[in-house]
Structure formats: structure tokens, C-alpha cells
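Dumped final_30.txt below, it's compact mmCIF, C-alpha atoms:
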```txt
# COMPACT_ATOMS: atom_id res chain seq x y z
CA MET K 645 138.05 166.10 36.10
CA ARG K 646 136.33 165.58 32.80
CA ILE K 647 135.31 162.79 30.48
CA GLU K 648 134.89 163.23 26.73
CA ASN K 649 132.97 161.26 24.12
CA LEU K 650 131.59 158.85 26.68
CA THR K 651 129.72 155.85 25.33
CA LYS K 652 128.49 153.18 27.73
CA LYS K 653 126.46 150.10 26.87
CA TYR K 654 125.20 147.08 28.79
CA LYS K 655 124.11 143.67 27.66
CA ASN K 656 120.78 142.86 29.27
CA HIS K 657 119.19 139.47 28.53
CA MET K 658 121.26 139.22 25.35
CA LYS K 659 120.11 142.70 24.28
CA GLU K 660 122.43 145.69 24.17
CA GLN K 661 121.25 148.69 26.15
CA THR K 662 122.75 152.14 25.65
CA ILE K 663 123.31 154.29 28.77
CA PHE K 664 125.47 157.07 27.30
CA SER K 665 126.22 157.91 23.67
CA LYS K 666 129.13 160.21 22.73
CA THR K 667 128.49 162.60 25.60
CA SER K 668 130.83 164.60 27.83
CA PHE K 669 131.00 165.82 31.42
CA ASP K 670 133.28 168.48 32.92
CA PHE K 671 133.35 169.22 36.65
CA LYS K 672 134.98 172.61 35.94
CA ASP K 673 135.38 174.82 39.03
CA TYR K 674 132.01 174.10 40.62
CA ASN K 675 131.83 173.35 44.34
CA SER K 676 128.75 171.16 43.98
CA ILE K 677 126.90 169.51 41.12
CA ALA K 678 123.55 167.75 41.27
CA LEU K 679 123.10 164.88 38.84
CA CYS K 680 119.44 164.33 38.02
CA GLY K 681 117.44 162.03 35.77
CA ARG K 682 114.93 159.23 35.80
CA SER K 683 115.67 155.92 37.51
CA GLY K 684 117.87 153.90 35.19
CA SER K 685 119.06 156.95 33.28
CA GLY K 686 122.69 156.40 34.30
CA LYS K 687 123.31 158.55 37.39
CA SER K 688 124.90 155.76 39.43
CA THR K 689 126.76 154.53 36.36
CA LEU K 690 128.32 157.94 35.79
CA LEU K 691 129.44 158.15 39.43
CA SER K 692 131.01 154.71 39.10
CA ILE K 693 132.81 155.71 35.89
CA LEU K 694 134.12 158.99 37.31
CA ALA K 695 135.26 157.18 40.47
CA GLY K 696 137.24 154.76 38.31
CA ILE K 697 135.27 151.72 39.46
CA ASP K 698 133.64 151.07 36.09
CA ILE K 699 136.25 151.13 33.31
CA ASP K 700 134.21 149.23 30.72
CA TYR K 701 133.29 152.15 28.48
CA VAL K 702 134.47 154.11 25.45
CA GLY K 703 135.72 157.64 26.11
CA ASP K 704 138.63 159.72 27.36
CA TYR K 705 139.08 160.50 31.06
CA PHE K 706 141.18 163.50 32.13
CA TRP K 707 142.31 164.50 35.61
CA GLY K 708 143.25 168.12 35.14
CA GLU K 709 145.18 168.00 31.91
CA GLU K 710 146.44 164.47 32.51
CA TYR K 711 144.93 161.72 30.37
CA LEU K 712 144.21 158.64 32.47
CA GLU K 713 144.55 155.14 31.13
CA LYS K 714 141.52 152.97 31.92
CA THR K 715 143.38 150.55 34.17
CA ARG K 716 142.20 149.48 37.62
CA LYS K 717 145.56 150.40 39.15
CA ASP K 718 145.64 153.97 37.79
CA MET K 719 141.99 154.59 38.64
CA ALA K 720 142.39 153.13 42.14
CA ASN K 721 145.31 155.49 42.81
CA ILE K 722 143.25 158.52 41.77
CA ARG K 723 140.29 157.34 43.85
CA LEU K 724 142.35 156.63 46.97
CA LYS K 725 144.03 160.03 46.92
CA ASN K 726 141.15 162.24 45.80
CA ILE K 727 137.66 160.71 45.92
CA SER K 728 135.35 159.48 48.66
CA LEU K 729 132.10 157.65 47.91
CA ILE K 730 128.69 157.59 49.57
CA SER K 731 126.76 154.68 48.08
CA GLN K 732 123.07 153.86 48.25
CA ASP K 733 123.71 150.63 50.17
CA PHE K 734 126.07 152.39 52.65
CA CYS K 735 128.86 149.73 52.34
CA LEU K 736 129.40 149.59 56.10
CA LEU K 737 131.46 146.84 57.73
CA TYR K 738 128.89 144.91 59.75
CA ASP K 739 131.43 143.06 61.87
CA ARG K 740 132.86 146.36 63.15
CA SER K 741 131.47 149.08 65.37
CA VAL K 742 130.63 152.60 64.23
CA TYR K 743 133.97 153.73 65.68
CA GLU K 744 135.86 151.04 63.78
CA ASN K 745 134.01 151.82 60.52
CA LEU K 746 135.11 155.45 60.77
CA ALA K 747 138.62 154.60 61.90
CA PHE K 748 139.25 152.29 58.95
CA PRO K 749 139.89 154.95 56.24
CA LEU K 750 141.94 157.08 58.66
CA LYS K 751 144.23 154.13 59.42
CA LEU K 752 144.83 153.72 55.68
CA PHE K 753 146.24 157.26 55.67
CA GLY K 754 148.52 156.49 58.61
CA MET K 755 146.79 158.75 61.12
CA LYS K 756 147.79 158.29 64.74
CA LYS K 757 145.40 156.71 67.25
CA LYS K 758 144.73 159.88 69.27
CA GLU K 759 144.04 161.93 66.14
CA ILE K 760 141.75 159.20 64.81
CA SER K 761 139.73 159.25 68.02
CA GLU K 762 139.44 163.05 68.01
CA ASN K 763 138.30 163.12 64.37
CA ILE K 764 135.69 160.42 64.96
CA ILE K 765 134.23 162.16 68.00
CA ASP K 766 134.07 165.47 66.12
CA ILE K 767 132.31 164.08 63.03
CA LEU K 768 129.81 162.07 65.08
CA LYS K 769 128.92 165.13 67.13
CA LEU K 770 128.50 167.15 63.94
CA LEU K 771 126.02 164.58 62.61
CA GLU K 772 124.40 164.09 66.05
CA LEU K 773 125.47 160.43 66.19
CA ASP K 774 127.92 160.46 69.10
CA ASP K 775 125.66 158.21 71.20
CA LEU K 776 126.11 155.44 68.58
CA ILE K 777 129.91 155.32 68.65
CA ASN K 778 130.08 151.75 70.01
CA GLU K 779 127.03 150.35 68.21
CA TYR K 780 127.18 147.93 65.27
CA PRO K 781 125.51 148.67 61.92
CA ALA K 782 123.00 145.83 62.25
CA LYS K 783 121.38 147.65 65.18
CA LEU K 784 121.06 150.98 63.36
CA SER K 785 118.10 152.36 61.43
CA GLY K 786 118.38 153.12 57.72
CA GLY K 787 118.78 156.83 58.42
CA GLU K 788 121.49 156.19 61.02
CA LYS K 789 123.39 153.92 58.63
CA GLN K 790 123.18 156.59 55.96
CA ARG K 791 124.57 159.26 58.27
CA ILE K 792 127.40 156.94 59.34
CA ALA K 793 128.24 156.40 55.66
CA ILE K 794 128.22 160.18 55.21
CA ALA K 795 130.46 160.60 58.26
CA ARG K 796 132.94 158.04 56.91
CA SER K 797 133.14 159.92 53.62
CA LEU K 798 133.51 163.35 55.20
CA ILE K 799 136.04 162.34 57.83
CA ILE K 800 138.95 162.06 55.39
CA LYS K 801 138.23 165.49 53.86
CA PRO K 802 138.80 164.39 50.26
CA GLU K 803 139.02 166.65 47.23
CA TYR K 804 135.79 165.15 45.85
CA ILE K 805 132.81 163.37 47.36
CA PHE K 806 130.58 161.38 45.02
CA ALA K 807 127.24 160.75 46.70
CA ASP K 808 124.51 158.47 45.37
CA GLU K 809 121.13 159.49 46.84
CA PRO K 810 122.81 160.47 50.15
CA THR K 811 119.61 161.69 51.87
CA SER K 812 117.11 159.08 50.65
CA GLU K 813 116.71 157.58 54.15
CA LEU K 814 116.53 160.90 56.00
CA ASP K 815 113.57 162.97 57.14
CA GLU K 816 113.28 166.57 55.92
CA LEU K 817 114.86 168.15 59.00
CA THR K 818 117.84 165.78 59.02
CA GLU K 819 118.28 166.22 55.27
CA LYS K 820 118.46 169.99 55.77
CA LYS K 821 121.11 169.59 58.48
CA VAL K 822 123.18 167.27 56.27
CA LEU K 823 123.01 169.72 53.36
CA GLU K 824 124.24 172.47 55.69
CA ILE K 825 127.18 170.24 56.64
CA PHE K 826 127.91 169.64 52.95
CA LYS K 827 128.01 173.43 52.46
CA LYS K 828 130.48 173.72 55.33
CA TYR K 829 132.79 171.20 53.72
CA GLN K 830 132.49 172.93 50.36
CA GLN K 831 133.71 176.12 51.98
CA GLU K 832 136.73 174.15 53.21
CA GLY K 833 137.55 172.89 49.71
CA THR K 834 135.69 169.60 49.18
CA LYS K 835 133.69 169.36 45.95
CA PHE K 836 130.46 167.35 45.73
CA LEU K 837 128.85 165.41 42.89
CA ILE K 838 125.44 164.23 44.06
CA ALA K 839 123.09 161.90 42.21
CA THR K 840 119.62 162.63 43.52
CA HIS K 841 115.87 162.60 42.97
CA SER K 842 115.37 165.20 45.69
CA LYS K 843 114.53 168.73 44.52
CA GLU K 844 115.82 170.09 47.83
CA VAL K 845 119.19 168.39 47.36
CA ALA K 846 119.42 169.43 43.70
CA ASN K 847 118.55 173.04 44.48
CA SER K 848 121.20 173.17 47.20
CA CYS K 849 123.90 172.55 44.57
CA GLU K 850 125.65 175.18 42.51
CA VAL K 851 124.62 173.67 39.18
CA ILE K 852 122.35 170.86 37.98
CA TYR K 853 123.11 168.37 35.21
CA ASN K 854 120.34 166.23 33.73
CA ILE K 855 120.83 162.86 32.08
CA GLN K 856 118.40 162.39 29.21
CA ASN K 857 118.51 160.76 25.79
CA TYR K 858 121.94 159.25 26.60
CA LYS K 859 123.46 162.72 27.15
CA ILE K 860 124.68 164.67 30.21
CA LEU K 861 123.27 168.16 29.87
CA MET K 862 123.57 171.21 32.07
CA ASN K 863 120.23 172.48 33.30
CA LYS K 864 119.75 176.04 32.01
```
Please go through the file and, once you have read it, give me the structure as C-alpha cells.
Amino acid sequence: MRIENLTKKYKNHMKEQTIFSKTSFDFKDYNSIALCGRSGSGKSTLLSILAGIDIDYVGDYFWGEEYLEKTRKDMANIRLKNISLISQDFCLLYDRSVYENLAFPLKLFGMKKKEISENIIDILKLLELDDLINEYPAKLSGGEKQRIAIARSLIIKPEYIFADEPTSELDELTEKKVLEIFKKYQQEGTKFLIATHSKEVANSCEVIYNIQNYKILMNK
């Protein structure tokens, strides 16, 4: 995927604020990219644009060589088939158990009940969360919620995972284990774009891009 000549502005208290100005981003053939920059620099905004959630910008979006129209329908189709998101606020369903949260995306893909159960057990064991399978999100710690959100993203084995500060609630040891799991999925074909303030997370990625002065620049 790539986006060319991206310009993004917000209106804030009647003032116009520039986030990006005629910049470009190309995922190329990297397995993992870290997206770094100060708070408010536009990391989350870029993830939202590339995921097709934010379409209020100027610029050209390409999926492979295909130019994508900035319509919610076209972007939703690309996202559903190819992209999984890990957001800072986890976006868990609080009226459903951990099992039901993880089953939800698998049901959308028409997976059978037995296969759903097997996949959920496997991913929870991988993230050392199998004892929480019947718990509800309200009873979980911040770190547990974050790992459940990670599990939900990984379980569908998408082409791309866009992660917004995916280890911010984790201790150093758990962060290391999660990064090792990310590496495992990269070896199986999933590509990661990770917005992060963590040097450990950034250094675990194949390449680092920095957002500064309204531009997206590769760290050399």
C-alpha cells in the first residue's frame, strides 16, 4: 500500500491545524515498520487514514497498483479483507466474554464453531491468557485488555496489522514476549505497522519512519 501527496488538516477551536503537508508513505516489501514521532505528530491519524477509517484528506491512496476511491464502502472492503487494528483504547465488547470477543471476527469470516474454539484456545495459550477465557473485559487489568486486543487482531491472520501503542500497558518482560509473537506472525506473512513511543518496539521493526514537520520520513 502507499499514499502519495498526503495533506491532512484539522479545525481546532476555529483554527486550522496542519498534520501532514504533501507527504508520502510506501509500505514497500517490509515485514514491519515502526512509526515514531512526538505526541500529536500524526501517528494515530496516519494509521486511521491507511486503514480507510479517516477519508477526510487530500492525497492518492494505492493498494498495489490499484487506485482507491476515498469512499467508506471501498475502504471498508479493503479493511475487512486485509487489515486488522489494535487501538489504544482496545475496543473490546464489554457485554461479551473474552471468548466471545475473540469469536466475533472469526464468525464474520464464516468459520465453524469447532475451528473457532480451537483458534481461540491456541491464541490465548500463546499470550498466556487461557485462564481468562470466560472473564469479561471489565474485570481485566489494562495489560490483560491490551493482550486480548492483540489476540483478537492476530487470530484472523490478516495481511496487515496496524497497531497503535500496542505495548503501552505491558511490563518489559511481557512486551518482549509480545514482540517475539509479532516476529512469529511476520514469518508467516503478516506485516506490521506500529505507532510507538517505545525504543524497544521501534528497534524490533525492520525499518523506522519518523513524523516531523508534517512529513513522513524514513529514519536513516
Exercise. For segment 671-684 of chain K, please output as a ChimeraX atom specification all residues within 8 Å (counting all atoms listed in the file; exclusion window: fewer than 2 positions along the same chain).
Key: /K:645-646,669,686-687,830,833-841,845-847,849-856
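Atom CA of Thr667 of chain K is positioned 13.5 Å from atom CA of Leu694 of chain K.
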Exercise. Go through K:Tyr743, K:Phe748, K:Val822, K:Lys783 and flag the residue nearest Ile764 of chain K, using all atoms listed in the file for the distances.
Key: K:Tyr743
Practice problem: Could you jot down the atom CA of Gly787 of chain K to atom CA of Thr818 of chain K separation for me, Å, one decimal place? | Solution: 9.0 Å
Quiz item: From the set K:Ala747, K:Ile663, K:Ala807, K:Leu691, which residue has the shortest atom-to-atom contact distance to Gln732 of chain K, counting only C-alpha atoms?
Solution: K:Ala807
Find the smallest box with edges along x, y and z containing every listed atom of segment 706-718 of chain K, then add 8 Å on each side and report centre and edge lengths in Å to one decimal, as JSON.
```
{"center_x": 143.8, "center_y": 158.8, "center_z": 34.8, "size_x": 21.3, "size_y": 34.6, "size_z": 24.8}
```
Exercise. Considering only C-alpha atoms, state which residue in the set K:Met755, K:Leu650, K:Phe664, K:Ser692 is at the smallest distance from Phe706 of chain K.
Key: K:Leu650
Quiz prompt | Closest of K:Lys756, K:His657, K:Lys859, K:Lys789 to Cys735 of chain K - atom-to-atom distances counting all atoms listed in the file | solution = K:Lys789
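Nearest to Ile799 of chain K of all the residues K:Leu750, K:Val742, K:Leu817, K:Ala782 is K:Leu750, counting all atoms listed in the file.
Between atom CA of Lys652 of chain K and atom CA of Val702 of chain K there is a distance of 6.5 Å.
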Self-check item: Distance query segment 713-722 of chain K at most 9 Å, only C-alpha atoms, self and fewer than 4 positions along chain excluded, as a PyMOL selection string
Solution: chain K and resi 695-701+704-705+707+726-727
